[in-house]
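First the structure, in the form of structure tokens, and then the observations on it.
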Amino acid sequence: TKAMERTSSWRVAREGTMGTISEDGIFEAGVAEKRGWLYKSGGKVKTWKKRFFELGDKCLSYYSDETTKKYKGCIDLRDVHYVEKGLMEAGPPAKYFFHIRVDRRVYDLCASTATERNEWFFALQGNVQALQRKAQCTIHFE
């Protein structure tokens, strides 16, 4: 669970690089953490809602407030097929959007500025790629 993941690893900054140290003491670099407000389009009803997002190493969680007490959902980064950015002239409340494609859905998110959108885009892309590298390097012993 999410609570167990938070207690089983902790975040450190080493030589300016964010990463995690696992319970066995192994440092894993390349994982970005980010928090902030974005607009998210609904899954069934396509209305735009302002949500507070937290990017972790395996999940992009979102809440209805900044206290993170009103949990609304999580996008599992292990299920992400791609993250794509774009620009919309009309429609959402902010024109700097990006999509996150998972197995059963495309999440549409918007940032207020191009800089914010790019920060989220590159942080997400980096975390997804780190998870993919980790999955490819898994060694199974029998």
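All residue names refer to the structure tokens as shown: chains lettered A, B, ... in order, residues numbered from 1 in each chain, ligands numbered from 1 in order.
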Excluding Asn118 in chain A and residues on its chain fewer than 5 positions from it, collect all residues at most 12 Å away from it, counting only C-alpha atoms, and give them as a compact mmCIF listing (two decimals) with C-alpha atoms, in the first residue's frame.
# COMPACT_ATOMS: atom_id res chain seq x y z
CA VAL A 83 3.33 10.94 -21.75
CA GLU A 84 2.65 13.47 -24.51
CA LYS A 85 2.50 17.26 -24.37
CA GLY A 86 0.60 19.70 -26.52
CA LEU A 87 -1.08 23.08 -26.74
CA TYR A 96 -0.67 23.96 -21.65
CA PHE A 97 -1.80 20.36 -21.58
CA PHE A 98 -0.31 16.89 -21.55
CA CYS A 110 -3.34 21.10 -17.95
CA ALA A 111 -0.86 23.48 -16.37
CA SER A 112 -1.17 27.25 -16.12
CA THR A 113 2.16 27.95 -17.85
CA ALA A 123 9.50 14.68 -14.21
CA LEU A 124 6.83 12.17 -15.25
CA GLN A 125 8.82 10.99 -18.24
CA GLY A 126 11.91 10.50 -16.06
Would you kindly return, as a list in words, each protein, DNA or RNA residue with an atom no farther than 12 Å from any atom of Ala94 in chain A, considering only C-alpha atoms and excluding same-chain residues fewer than 6 positions away?
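The neighbour list is Trp37, Leu38, Tyr39, Lys40, Ser41, Trp48, Lys49, Lys50, Gly86, Leu87, Met88, Asp108, Leu109, Cys110, Ala111, Ser112, Thr113, Ala114, Glu116 and Arg117 of chain A.
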Surrounding residues of Asp65 in chain A excluding itself and chain neighbours under 5 positions, 8 Å, only C-alpha atoms, as a PyMOL selection string:
chain A and resi 51-52+70
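Of the residues listed (A:Phe53, A:Trp120, A:Tyr107, A:Tyr62), A:Tyr107 shows the shortest atom-to-atom separation from Val80 in chain A; distances use only C-alpha atoms.
With distances restricted to only C-alpha atoms, A:Leu77 is the closest residue to Lys58 in chain A from A:Leu77, A:Val102, A:Ala130, A:Ala135.
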Find the distance between CA of Glu66 in chain A and CA of Gly43 in chain A and write it in Å to one decimal.
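CA of Gly43 in chain A lies at a distance of 21.5 Å from CA of Glu66 in chain A.
Across the structure, CA of Asp57 in chain A and CA of Glu33 in chain A are spaced 7.3 Å apart.
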CA of Thr67 in chain A and CA of Asp79 in chain A, how far apart in Å?
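So the two atoms, CA of Asp79 in chain A and CA of Thr67 in chain A, lie 26.5 Å apart.
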